[in-house]
Each structure stands twice: as C-alpha cells, then as structure tokens.
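Text of target_17.json (JSON, C-alpha atoms) as supplied:
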[["chain", "number", "residue", "atom", "x", "y", "z"],
["B", 28, "MET", "CA", 0.00, 0.00, 0.00],
["B", 29, "THR", "CA", 1.33, 3.43, -0.95],
["B", 30, "VAL", "CA", 1.71, 5.77, 2.01],
["B", 31, "ASP", "CA", 0.47, 9.32, 1.57],
["B", 32, "VAL", "CA", 3.42, 11.15, 3.13],
["B", 33, "GLU", "CA", 1.88, 14.59, 2.60],
["B", 34, "SER", "CA", -1.22, 13.55, 4.54],
["B", 35, "LEU", "CA", 0.98, 12.16, 7.32],
["B", 36, "LYS", "CA", 2.80, 15.49, 7.55],
["B", 37, "GLN", "CA", -0.42, 17.40, 8.02],
["B", 38, "ARG", "CA", -1.78, 14.96, 10.59],
["B", 39, "MET", "CA", 1.50, 14.98, 12.47],
["B", 40, "VAL", "CA", 1.51, 18.79, 12.63],
["B", 41, "THR", "CA", -2.09, 18.82, 13.88],
["B", 42, "HIS", "CA", -1.16, 16.29, 16.57],
["B", 43, "LEU", "CA", 1.97, 18.18, 17.62],
["B", 44, "HIS", "CA", 0.12, 21.46, 18.08],
["B", 45, "ALA", "CA", -2.64, 19.80, 20.10],
["B", 46, "LEU", "CA", -0.02, 17.98, 22.19],
["B", 47, "GLN", "CA", 1.82, 21.24, 22.84],
["B", 48, "ASP", "CA", -1.39, 22.85, 24.09],
["B", 49, "GLU", "CA", -2.19, 19.85, 26.30],
["B", 50, "ILE", "CA", 1.28, 19.62, 27.85],
["B", 51, "CYS", "CA", 1.60, 23.38, 28.44],
["B", 52, "GLY", "CA", -1.81, 23.50, 30.10],
["B", 53, "ALA", "CA", -0.92, 20.60, 32.41],
["B", 54, "LEU", "CA", 2.43, 22.13, 33.34],
["B", 55, "GLU", "CA", 0.88, 25.51, 34.15],
["B", 56, "ARG", "CA", -1.54, 23.74, 36.48],
["B", 57, "LEU", "CA", 1.37, 21.83, 38.06],
["B", 58, "ASP", "CA", 3.35, 25.02, 38.61],
["B", 59, "GLY", "CA", 0.41, 27.10, 39.84],
["B", 60, "GLN", "CA", 2.27, 30.38, 39.39],
["B", 61, "ALA", "CA", 4.11, 30.92, 36.10],
["B", 62, "ARG", "CA", 2.73, 30.85, 32.56],
["B", 63, "PHE", "CA", 4.30, 29.98, 29.23],
["B", 64, "ARG", "CA", 5.37, 32.81, 26.96],
["B", 65, "GLU", "CA", 4.92, 32.01, 23.25],
["B", 66, "ASP", "CA", 7.31, 33.20, 20.55],
["B", 67, "PRO", "CA", 6.22, 32.42, 16.98],
["B", 68, "TRP", "CA", 9.20, 32.45, 14.59],
["B", 69, "GLN", "CA", 9.90, 32.08, 10.89],
["B", 70, "ARG", "CA", 12.84, 30.30, 9.29],
["B", 71, "PRO", "CA", 14.34, 32.19, 6.33],
["B", 72, "GLY", "CA", 14.81, 29.00, 4.29],
["B", 73, "GLY", "CA", 11.24, 27.77, 4.85],
["B", 74, "GLY", "CA", 8.90, 27.07, 7.75],
["B", 75, "GLY", "CA", 9.04, 28.14, 11.37],
["B", 76, "GLY", "CA", 7.62, 27.28, 14.75],
["B", 77, "ARG", "CA", 6.14, 28.36, 18.04],
["B", 78, "SER", "CA", 8.38, 28.28, 21.09],
["B", 79, "ARG", "CA", 6.86, 28.34, 24.55],
["B", 80, "VAL", "CA", 9.07, 28.99, 27.57],
["B", 81, "MET", "CA", 8.25, 29.25, 31.28],
["B", 82, "GLU", "CA", 10.76, 30.81, 33.69],
["B", 83, "GLU", "CA", 10.95, 31.39, 37.44],
["B", 84, "GLY", "CA", 7.91, 29.32, 38.29],
["B", 85, "ALA", "CA", 7.07, 27.84, 41.68],
["B", 86, "VAL", "CA", 7.89, 24.33, 40.44],
["B", 87, "LEU", "CA", 9.61, 24.87, 37.09],
["B", 88, "GLU", "CA", 12.66, 27.08, 37.23],
["B", 89, "LYS", "CA", 12.73, 26.82, 33.44],
["B", 90, "GLY", "CA", 10.67, 24.82, 30.98],
["B", 91, "GLY", "CA", 10.39, 24.85, 27.22],
["B", 92, "VAL", "CA", 7.80, 23.14, 25.02],
["B", 93, "SER", "CA", 8.30, 23.98, 21.35],
["B", 94, "THR", "CA", 6.96, 22.87, 18.00],
["B", 95, "SER", "CA", 8.55, 23.48, 14.62],
["B", 96, "VAL", "CA", 7.84, 22.69, 10.98],
["B", 97, "VAL", "CA", 10.81, 23.48, 8.76],
["B", 98, "PHE", "CA", 11.58, 22.63, 5.15],
["B", 99, "GLY", "CA", 13.82, 23.55, 2.23],
["B", 100, "GLU", "CA", 17.34, 22.64, 1.14],
["B", 101, "LEU", "CA", 20.04, 21.11, 3.34],
["B", 102, "ASP", "CA", 23.73, 21.82, 2.97],
["B", 103, "GLU", "CA", 25.16, 18.99, 0.90],
["B", 104, "ALA", "CA", 27.65, 17.85, 3.54],
["B", 105, "PHE", "CA", 25.00, 17.70, 6.28],
["B", 106, "ALA", "CA", 22.41, 16.04, 4.01],
["B", 107, "GLY", "CA", 24.74, 13.09, 3.61],
["B", 108, "LYS", "CA", 24.77, 12.51, 7.37],
["B", 109, "LEU", "CA", 21.00, 11.94, 7.56],
["B", 110, "GLN", "CA", 19.08, 8.78, 6.71],
["B", 111, "GLY", "CA", 17.24, 10.06, 3.64],
["B", 112, "GLU", "CA", 18.26, 10.97, 0.13],
["B", 113, "GLY", "CA", 19.21, 14.26, -1.49],
["B", 114, "ARG", "CA", 19.08, 17.79, -0.08],
["B", 115, "THR", "CA", 15.33, 18.49, -0.01],
["B", 116, "PHE", "CA", 13.85, 18.01, 3.45],
["B", 117, "TRP", "CA", 10.81, 18.56, 5.67],
["B", 118, "ALA", "CA", 10.84, 18.12, 9.45],
["B", 119, "GLY", "CA", 8.04, 18.55, 11.97],
["B", 120, "GLY", "CA", 8.51, 17.98, 15.68],
["B", 121, "LEU", "CA", 7.83, 18.81, 19.29],
["B", 122, "SER", "CA", 10.66, 19.11, 21.79],
["B", 123, "LEU", "CA", 10.43, 19.76, 25.51],
["B", 124, "VAL", "CA", 12.83, 20.07, 28.43],
["B", 125, "LEU", "CA", 11.75, 20.83, 32.00],
["B", 126, "HIS", "CA", 14.20, 21.98, 34.68],
["B", 127, "PRO", "CA", 12.44, 21.98, 38.07],
["B", 128, "ARG", "CA", 13.57, 24.19, 40.92],
["B", 129, "ASN", "CA", 13.49, 21.47, 43.60],
["B", 130, "PRO", "CA", 16.45, 19.05, 43.24],
["B", 131, "HIS", "CA", 14.17, 16.17, 44.27],
["B", 132, "VAL", "CA", 12.11, 16.65, 41.08],
["B", 133, "PRO", "CA", 13.85, 15.17, 38.04],
["B", 134, "THR", "CA", 14.61, 17.06, 34.87],
["B", 135, "VAL", "CA", 12.85, 15.52, 31.89],
["B", 136, "HIS", "CA", 13.19, 15.67, 28.12],
["B", 137, "ALA", "CA", 10.95, 14.46, 25.29],
["B", 138, "ASN", "CA", 10.94, 14.78, 21.53],
["B", 139, "TYR", "CA", 8.61, 13.50, 18.81],
["B", 140, "ARG", "CA", 9.33, 14.14, 15.12],
["B", 141, "PHE", "CA", 8.63, 13.21, 11.50],
["B", 142, "ILE", "CA", 11.29, 13.80, 8.85],
["B", 143, "HIS", "CA", 11.02, 13.56, 5.06],
["B", 144, "GLN", "CA", 14.22, 13.73, 3.04],
["B", 145, "GLY", "CA", 14.08, 12.95, -0.66],
["B", 146, "GLY", "CA", 12.23, 9.68, -1.14],
["B", 147, "LYS", "CA", 12.47, 8.57, 2.49],
["B", 148, "ALA", "CA", 10.35, 9.49, 5.53],
["B", 149, "TRP", "CA", 10.66, 8.34, 9.12],
["B", 150, "PHE", "CA", 9.54, 8.97, 12.70],
["B", 151, "GLY", "CA", 11.79, 9.43, 15.70],
["B", 152, "GLY", "CA", 11.73, 10.56, 19.29],
["B", 153, "GLY", "CA", 11.37, 9.38, 22.85],
["B", 154, "ALA", "CA", 11.48, 10.59, 26.44],
["B", 155, "ASP", "CA", 14.08, 10.30, 29.20],
["B", 156, "LEU", "CA", 14.31, 11.14, 32.90],
["B", 157, "THR", "CA", 17.26, 12.85, 34.63],
["B", 158, "PRO", "CA", 17.00, 12.73, 38.43],
["B", 159, "TYR", "CA", 19.40, 14.45, 40.81],
["B", 160, "TYR", "CA", 18.27, 12.32, 43.75],
["B", 161, "LEU", "CA", 17.25, 8.88, 42.59],
["B", 162, "VAL", "CA", 14.00, 7.38, 43.81],
["B", 163, "ASP", "CA", 13.75, 3.90, 42.33],
["B", 164, "ALA", "CA", 9.95, 3.94, 42.32],
["B", 165, "ASP", "CA", 9.96, 7.11, 40.19],
["B", 166, "ALA", "CA", 12.29, 5.61, 37.58],
["B", 167, "GLU", "CA", 10.21, 2.43, 37.52],
["B", 168, "HIS", "CA", 7.00, 4.41, 37.02],
["B", 169, "PHE", "CA", 8.44, 6.46, 34.16],
["B", 170, "HIS", "CA", 9.65, 3.33, 32.39],
["B", 171, "ARG", "CA", 6.52, 1.31, 33.10],
["B", 172, "VAL", "CA", 4.20, 3.91, 31.55],
["B", 173, "HIS", "CA", 6.35, 4.03, 28.43],
["B", 174, "LYS", "CA", 6.61, 0.26, 28.25],
["B", 175, "GLU", "CA", 2.82, -0.05, 28.42],
["B", 176, "ALA", "CA", 2.47, 2.44, 25.55],
["B", 177, "CYS", "CA", 5.03, 0.49, 23.53],
["B", 178, "ASP", "CA", 3.42, -2.87, 24.28],
["B", 179, "ARG", "CA", 0.06, -1.69, 22.95],
["B", 180, "HIS", "CA", 1.66, -1.50, 19.51],
["B", 181, "ASP", "CA", 4.49, -4.04, 19.42],
["B", 182, "PRO", "CA", 5.97, -6.08, 22.29],
["B", 183, "THR", "CA", 9.41, -5.77, 20.72],
["B", 184, "TYR", "CA", 9.40, -1.96, 20.90],
["B", 185, "TYR", "CA", 10.35, -1.39, 24.53],
["B", 186, "PRO", "CA", 13.13, -4.05, 24.54],
["B", 187, "ARG", "CA", 14.55, -2.21, 21.49],
["B", 188, "PHE", "CA", 13.94, 1.39, 22.49],
["B", 189, "LYS", "CA", 15.03, 1.25, 26.15],
["B", 190, "PRO", "CA", 18.63, 0.16, 25.44],
["B", 191, "ALA", "CA", 18.70, 2.54, 22.46],
["B", 192, "CYS", "CA", 17.94, 5.34, 24.92],
["B", 193, "ASP", "CA", 20.71, 4.18, 27.29],
["B", 194, "THR", "CA", 23.15, 4.14, 24.38],
["B", 195, "TYR", "CA", 22.16, 7.51, 22.95],
["B", 196, "PHE", "CA", 22.02, 9.55, 26.17],
["B", 197, "HIS", "CA", 25.50, 8.48, 27.22],
["B", 198, "LEU", "CA", 28.27, 10.97, 27.96],
["B", 199, "ARG", "CA", 31.16, 9.12, 26.40],
["B", 200, "HIS", "CA", 33.72, 11.55, 27.79],
["B", 201, "ARG", "CA", 32.39, 10.88, 31.32],
["B", 202, "ASP", "CA", 31.49, 7.20, 30.84],
["B", 203, "GLU", "CA", 28.12, 7.76, 32.47],
["B", 204, "ALA", "CA", 24.49, 8.10, 31.41],
["B", 205, "ARG", "CA", 22.79, 11.48, 31.41],
["B", 206, "GLY", "CA", 19.96, 10.04, 33.52],
["B", 207, "VAL", "CA", 17.95, 6.87, 34.05],
["B", 208, "GLY", "CA", 16.75, 6.78, 30.46],
["B", 209, "GLY", "CA", 13.38, 5.94, 29.01],
["B", 210, "ILE", "CA", 12.86, 5.17, 25.33],
["B", 211, "PHE", "CA", 14.50, 6.40, 22.12],
["B", 212, "PHE", "CA", 13.53, 5.42, 18.59],
["B", 213, "GLU", "CA", 14.66, 6.50, 15.14],
["B", 214, "ASN", "CA", 13.45, 5.19, 11.78],
["B", 215, "MET", "CA", 11.62, 2.08, 12.96],
["B", 216, "GLY", "CA", 11.58, 0.78, 9.41],
["B", 217, "GLY", "CA", 7.96, -0.41, 9.26],
["B", 218, "ASP", "CA", 4.59, 0.81, 8.05],
["B", 219, "LEU", "CA", 4.40, 4.58, 8.52],
["B", 220, "GLU", "CA", 0.68, 4.60, 9.34],
["B", 221, "ARG", "CA", 1.22, 2.10, 12.14],
["B", 222, "GLU", "CA", 4.21, 4.05, 13.35],
["B", 223, "PHE", "CA", 2.21, 7.30, 13.38],
["B", 224, "ALA", "CA", -0.39, 5.62, 15.59],
["B", 225, "PHE", "CA", 2.43, 4.57, 17.91],
["B", 226, "VAL", "CA", 3.97, 8.06, 18.01],
["B", 227, "ARG", "CA", 0.59, 9.59, 18.88],
["B", 228, "ASP", "CA", 0.10, 7.08, 21.69],
["B", 229, "VAL", "CA", 3.59, 7.24, 23.17],
["B", 230, "SER", "CA", 3.68, 11.05, 23.04],
["B", 231, "GLN", "CA", 0.41, 11.16, 24.98],
["B", 232, "ALA", "CA", 2.04, 8.89, 27.58],
["B", 233, "PHE", "CA", 4.46, 11.68, 28.54],
["B", 234, "LEU", "CA", 2.18, 13.46, 31.01],
["B", 235, "PRO", "CA", 1.06, 10.32, 32.91],
["B", 236, "ALA", "CA", 4.71, 9.21, 33.02],
["B", 237, "TYR", "CA", 6.08, 12.46, 34.43],
["B", 238, "LEU", "CA", 3.39, 14.43, 36.25],
["B", 239, "PRO", "CA", 2.85, 11.97, 39.16],
["B", 240, "ILE", "CA", 6.60, 12.10, 39.88],
["B", 241, "ALA", "CA", 6.68, 15.90, 39.89],
["B", 242, "GLU", "CA", 3.56, 16.07, 42.06],
["B", 243, "ARG", "CA", 5.06, 13.68, 44.63],
["B", 244, "ARG", "CA", 8.43, 15.45, 44.87],
["B", 245, "LYS", "CA", 7.76, 19.16, 44.32],
["B", 246, "ASP", "CA", 7.22, 20.00, 48.01],
["B", 247, "THR", "CA", 10.09, 17.89, 49.39],
["B", 248, "PRO", "CA", 12.33, 20.03, 51.61],
["B", 249, "TYR", "CA", 15.88, 20.49, 50.31],
["B", 250, "THR", "CA", 19.14, 22.03, 51.46],
["B", 251, "GLU", "CA", 21.56, 24.42, 49.77],
["B", 252, "ALA", "CA", 24.00, 21.52, 49.47],
["B", 253, "GLN", "CA", 21.38, 19.55, 47.53],
["B", 254, "ARG", "CA", 20.73, 22.55, 45.32],
["B", 255, "ASP", "CA", 24.48, 22.79, 44.72],
["B", 256, "TRP", "CA", 24.55, 19.13, 43.62],
["B", 257, "GLN", "CA", 21.64, 19.76, 41.26],
["B", 258, "GLU", "CA", 23.60, 22.53, 39.55],
["B", 259, "VAL", "CA", 26.71, 20.36, 39.26],
["B", 260, "ARG", "CA", 24.65, 17.63, 37.59],
["B", 261, "ARG", "CA", 23.00, 20.20, 35.31],
["B", 262, "GLY", "CA", 26.51, 20.78, 34.02],
["B", 263, "ARG", "CA", 26.50, 17.23, 32.68],
["B", 264, "TYR", "CA", 23.18, 17.99, 30.96],
["B", 265, "VAL", "CA", 24.74, 20.98, 29.22],
["B", 266, "GLU", "CA", 27.74, 18.91, 28.18],
["B", 267, "PHE", "CA", 25.56, 16.31, 26.50],
["B", 268, "ASN", "CA", 23.37, 18.81, 24.67],
["B", 269, "LEU", "CA", 26.29, 20.81, 23.31],
["B", 270, "VAL", "CA", 28.70, 17.97, 22.58],
["B", 271, "TRP", "CA", 26.70, 14.88, 21.62],
["B", 272, "ASP", "CA", 23.04, 15.68, 20.94],
["B", 273, "ARG", "CA", 22.06, 15.15, 17.30],
["B", 274, "GLY", "CA", 18.91, 17.23, 17.75],
["B", 275, "THR", "CA", 20.96, 20.29, 18.65],
["B", 276, "THR", "CA", 23.16, 19.71, 15.61],
["B", 277, "PHE", "CA", 20.15, 19.23, 13.33],
["B", 278, "GLY", "CA", 18.53, 22.45, 14.52],
["B", 279, "LEU", "CA", 21.69, 24.50, 14.06],
["B", 280, "GLU", "CA", 22.63, 22.92, 10.70],
["B", 281, "THR", "CA", 19.14, 23.57, 9.31],
["B", 282, "LYS", "CA", 19.37, 27.19, 10.49],
["B", 283, "GLY", "CA", 16.55, 26.97, 12.98],
["B", 284, "ARG", "CA", 15.98, 29.63, 15.62],
["B", 285, "THR", "CA", 18.97, 29.55, 17.97],
["B", 286, "GLU", "CA", 17.01, 30.65, 21.06],
["B", 287, "SER", "CA", 14.52, 27.81, 20.50],
["B", 288, "ILE", "CA", 17.25, 25.22, 19.91],
["B", 289, "LEU", "CA", 19.13, 26.19, 23.08],
["B", 290, "MET", "CA", 16.06, 26.58, 25.29],
["B", 291, "SER", "CA", 16.94, 23.14, 26.67],
["B", 292, "LEU", "CA", 19.83, 24.57, 28.68],
["B", 293, "PRO", "CA", 19.23, 25.06, 32.43],
["B", 294, "PRO", "CA", 19.12, 28.56, 33.95],
["B", 295, "ARG", "CA", 21.63, 27.92, 36.72],
["B", 296, "VAL", "CA", 24.54, 25.51, 36.44],
["B", 297, "ARG", "CA", 28.05, 25.04, 37.80],
["B", 298, "TRP", "CA", 31.19, 23.08, 37.04],
["B", 299, "ARG", "CA", 33.49, 22.06, 39.88],
["B", 300, "TYR", "CA", 36.94, 20.85, 39.05],
["B", 301, "ASP", "CA", 37.33, 17.07, 39.46],
["B", 302, "TYR", "CA", 34.39, 16.88, 41.86],
["B", 303, "HIS", "CA", 33.31, 13.52, 43.30],
["B", 304, "PRO", "CA", 30.56, 12.93, 45.89],
["B", 305, "GLN", "CA", 31.40, 11.32, 49.21],
["B", 306, "PRO", "CA", 31.14, 7.49, 49.19],
["B", 307, "GLY", "CA", 27.96, 6.11, 50.71],
["B", 308, "THR", "CA", 25.87, 9.20, 49.99],
["B", 309, "GLU", "CA", 22.76, 9.48, 47.83],
["B", 310, "GLU", "CA", 24.79, 11.53, 45.38],
["B", 311, "ALA", "CA", 27.32, 8.69, 45.07],
["B", 312, "ARG", "CA", 24.52, 6.15, 44.61],
["B", 313, "LEU", "CA", 23.17, 8.15, 41.68],
["B", 314, "ILE", "CA", 26.58, 8.12, 39.97],
["B", 315, "GLU", "CA", 26.85, 4.36, 40.45],
["B", 316, "VAL", "CA", 23.49, 3.82, 38.74],
["B", 317, "LEU", "CA", 24.41, 6.18, 35.90],
["B", 318, "ARG", "CA", 27.50, 4.08, 35.22],
["B", 319, "HIS", "CA", 25.58, 0.79, 35.25],
["B", 320, "PRO", "CA", 22.14, 1.16, 33.56],
["B", 321, "ARG", "CA", 19.34, -0.83, 35.16],
["B", 322, "ALA", "CA", 16.31, -2.72, 33.85],
["B", 323, "TRP", "CA", 13.64, -0.46, 35.32],
["B", 324, "ALA", "CA", 10.67, -2.24, 33.75],
["B", 325, "GLY", "CA", 11.95, -5.78, 33.62],
["B", 326, "VAL", "CA", 13.97, -5.30, 30.41]]
Show me this structure written as structure tokens.
Amino acid sequence: MTVDVESLKQRMVTHLHALQDEICGALERLDGQARFREDPWQRPGGGGGRSRVMEEGAVLEKGGVSTSVVFGELDEAFAGKLQGEGRTFWAGGLSLVLHPRNPHVPTVHANYRFIHQGGKAWFGGGADLTPYYLVDADAEHFHRVHKEACDRHDPTYYPRFKPACDTYFHLRHRDEARGVGGIFFENMGGDLEREFAFVRDVSQAFLPAYLPIAERRKDTPYTEAQRDWQEVRRGRYVEFNLVWDRGTTFGLETKGRTESILMSLPPRVRWRYDYHPQPGTEEARLIEVLRHPRAWAGV
C-alpha cells in the first residue's frame, strides 16, 4: 500500500500542536504560578515554529515546550549525514525540556518528530528522565508507563527502544548516562501509518509518566548543598546537549531559531573541578546507577 506522506505530515503537525497545548496547560496547572510565553518564529529557508518557555515558576525554574515545521534545502555535507536521500527536506517535531527548581524533582526531556528527506520518511523521538536524587519507584514508574504504551503497539518496541535510549544519552567523555533513560527510537523501518499511531500514543504517555513524579516530589524540603549538587549535575546535561546531541546539531545545521534550539539549557549551572561525591551518599549512589544502567521495567 502506498503511504500518503503529505497527509501524514499534516496529521503529524495537527497532533503536535494539540499535544503542545495539552502539555503546556498541564504544566501551568502543576506550577500554579508561572505561565508559558509564546514566541512564533519564521525560518528564512522555509517554515518556522512556536516556542513556549516558562521561567521562574514555583515548580519549574525553566521549561520549554516547542513545536517546529521546517523545510527547504540542506547543505550537501549535512544532508549526507541523515538517513534520507538528497538535499530536499521537511521536518516537523515537538521538543520539551523541563528543569524543576526542587532538586528532588527530576529534569525531563521528550521529543517526537517526523522527517522527510528525498524519497524517504521516518519517525523518531522518545522521552528520558534525569533525576538528581534517585527514587527507584519514580524511575520504575516512568519506564513502566512508556513500556505499556510500547506494548500496545508491538511487544518488541520497549526491549529495542530502552537500550537505544541508554546508548544515545551516554556521555562518552564521562562514561556515564545522562539520567535513568526511558525510550528512544529512530526510523523504525515499518509501516508509517502504524508508526504514526504509535507516536501519537507514546507522546500522549508523557504526562502520565512524568506528572505523578513531579507532584510527589515538588514540596520535598531540600538544602543548599542539595541545590548545589543539582547545579553540578545540570553541568552534565549541558555537556551532553552541546557535545553529543544530534537534535541540537540538526537544529543548528538547518538554520533553525537559535534561542529555541538552546532553550533546553538550564538557567543555573556550575562546574566544579574534578568533583566527586562522598562514598555512601545518595549523590554517590546516583553516579553508580548512571554508570551501570538498570532494567527499570523488567527489560
């Protein structure tokens, strides 16, 4: 059966905009104080997007939930690094990163996208959790919700996408994971209509995967020392996004809006020279887990 890629593009954009509205509304209710500011933008080479950023909230120190639909011609050298053919491209996606104020609330990232390059089109995305103080039950919940969404479509998805997430969100120069992972998928290689149904379902699993964790942890008392540790670990987040993240590279290479691409960076961060937590502490336990990924949902 011939897939109508143009129809898929339009349906994906409709879904992404509705998802952006749903997620932003839920996060404003979670925060109870701050609101998202929206910046519509246009890309000179074709397309644009709408970036929404929340800052200095009661729960979210900084959060960004952005959609973009960009198209046109890729630089020849960069086009050869992608999975499609030729220089003509179209890409529609939603990307979000939430940096909570309380160090007991994990940072979280999610991305859902559809790319068309030449004669090839594919979906990609996922979601991953980055705690500063690890609560095993929270990591298990985040993974379980995503596994259930995967299992509704194909029981092989989660066993494929969980280790793919561990591999992708790995700071090779530190030999540690960015967080406790989640799922990551790119070009599943099957029927695009079926994959679109999966992307819709798994993207709608984001809120039930994350919100209960944030609700449970947002009022946990914390110390300045714990806040200091959060900012040290945010440094690792910055390192990954600027050194290894393909999404950052894609956005910059396709001449997207720089402010929207770099909205993922935390507002306060620090680097301490050769810093190591004291053995036996919760901080040290987190590092141990980040160096030895676990099977949070039985896989």
| note | The distance between CA of Asp58 (chain B) and CA of Thr250 (chain B) is 20.6 Å
| field | Selection near region 283-295 of chain B, 7 Å with all atoms listed in the file, sequence-local residues under 6 positions removed, as a PyMOL selection string | value | chain B and resi 70+78+89+91+124+126+258+261+265+275
| query | By how many Å are CA of His143 (chain B) and CA of Arg187 (chain B) apart? | reply |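 Atom-to-atom, CA of His143 (chain B) and CA of Arg187 (chain B) are spaced 23.0 Å apart.
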| field | Given all atoms listed in the file as the counted atoms, nearest of B:Arg56, B:Leu238, B:Asp181, B:Ala204 to Val135 (chain B) | value | B:Leu238
| field | Nearest candidate to Asp155 (chain B) (options B:Val296, B:Ala137, B:Ile142, B:Leu121; using all atoms listed in the file) | value | B:Ala137
Padding 8 Å on each side, edges along x, y and z: where is the centre of the box around the listed atoms of region 32-42 of chain B, and how long are its edges in Å to one decimal? Output it as AutoDock Vina command-line options.
--center_x 0.7 --center_y 15.0 --center_z 9.6 --size_x 21.5 --size_y 23.7 --size_z 30.0
| said: Quick check, in Å to one decimal: how far apart do CA of Val316 (chain B) and CA of Val207 (chain B) lie? | reply: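 That distance, rounded to one decimal, is 7.9 Å.
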Within 8 Å of Val32 (chain B), counting all atoms listed in the file, which residues qualify if same-chain residues fewer than 3 places away don't, as a short mmCIF file (atom, residue, chain, number, x, y, z; two decimals) with C-alpha atoms, in the frame of the given file?
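Everything below was put into result.cif:
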data_model
loop_
_atom_site.label_atom_id
_atom_site.label_comp_id
_atom_site.auth_asym_id
_atom_site.auth_seq_id
_atom_site.Cartn_x
_atom_site.Cartn_y
_atom_site.Cartn_z
CA LEU B 35 0.98 12.16 7.32
CA LYS B 36 2.80 15.49 7.55
CA ALA B 148 10.35 9.49 5.53
#
| Among the residues B:His131, B:His180, B:His173, B:Arg199, the one that comes closest to Arg318 (chain B) [using all atoms listed in the file] |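 Of B:His131, B:His180, B:His173, B:Arg199, the one nearest Arg318 (chain B), counting all atoms listed in the file, is B:Arg199.
With all atoms listed in the file as the atoms that count, the minimum distance from Leu198 (chain B) to the choices B:Tyr300, B:Phe98, B:Trp271, B:Phe141 is reached by B:Trp271.
Here the residues that fall within 10 Å of (3.4, 7.2, 40.9), using all atoms listed in the file, are given as Ala164, Asp165, Ala166, Glu167, His168, Phe169, Val172, Pro235, Ala236, Tyr237, Leu238, Pro239, Ile240, Ala241, Glu242 and Arg243 of chain B.
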| task | Return the single residue from B:Gly278, B:Val86, B:His136, B:Gln231 that is closest to Gln60 (chain B), with distances computed using all atoms listed in the file. | result |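 So, comparing all the options, the nearest one is B:Val86.
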| said: as a VMD selection string, please: the residues near Asp202 (chain B) (cut-off 12 Å, only C-alpha atoms, same-chain neighbours under 4 positions excluded). | reply: chain B and resid 193 to 194 196 to 198 263 267 314 to 320
Serialized selection, C-alpha atoms, as an mmCIF file, keeping the file's coordinate frame:
data_model
loop_
_atom_site.group_PDB
_atom_site.id
_atom_site.type_symbol
_atom_site.label_atom_id
_atom_site.label_comp_id
_atom_site.auth_asym_id
_atom_site.auth_seq_id
_atom_site.Cartn_x
_atom_site.Cartn_y
_atom_site.Cartn_z
ATOM 1 C CA ASP B 193 20.710 4.180 27.290
ATOM 2 C CA THR B 194 23.150 4.140 24.380
ATOM 3 C CA PHE B 196 22.020 9.550 26.170
ATOM 4 C CA HIS B 197 25.500 8.480 27.220
ATOM 5 C CA LEU B 198 28.270 10.970 27.960
ATOM 6 C CA ARG B 263 26.500 17.230 32.680
ATOM 7 C CA PHE B 267 25.560 16.310 26.500
ATOM 8 C CA ILE B 314 26.580 8.120 39.970
ATOM 9 C CA GLU B 315 26.850 4.360 40.450
ATOM 10 C CA VAL B 316 23.490 3.820 38.740
ATOM 11 C CA LEU B 317 24.410 6.180 35.900
ATOM 12 C CA ARG B 318 27.500 4.080 35.220
ATOM 13 C CA HIS B 319 25.580 0.790 35.250
ATOM 14 C CA PRO B 320 22.140 1.160 33.560
#
| Hey, what's within 9 Å of region 305-310 of chain B if we count only C-alpha atoms and toss same-chain stuff fewer than 3 positions away? As a ChimeraX atom specification, please? | /B:159-161,253,256,313-315
| Of the candidates B:Phe277, B:Trp68, B:Phe63, B:Tyr185, which one gets nearest to Glu83 (chain B) if we count all atoms listed in the file? |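 When distances to Glu83 (chain B) are compared using all atoms listed in the file, the smallest one comes from B:Phe63.
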Tell me which protein, DNA and RNA residues are within 9 Å of Val226 (chain B), counting all atoms listed in the file, leaving out same-chain ones fewer than 5 positions away, and put them as a short mmCIF file (atom, residue, chain, number, x, y, z; two decimals) with C-alpha atoms, in the frame of the given file.
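Resulting contents of result.cif:
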data_model
loop_
_atom_site.label_atom_id
_atom_site.label_comp_id
_atom_site.auth_asym_id
_atom_site.auth_seq_id
_atom_site.Cartn_x
_atom_site.Cartn_y
_atom_site.Cartn_z
CA TYR B 139 8.61 13.50 18.81
CA ARG B 140 9.33 14.14 15.12
CA PHE B 150 9.54 8.97 12.70
CA GLY B 151 11.79 9.43 15.70
CA GLY B 152 11.73 10.56 19.29
CA GLY B 153 11.37 9.38 22.85
CA ARG B 221 1.22 2.10 12.14
CA GLN B 231 0.41 11.16 24.98
#
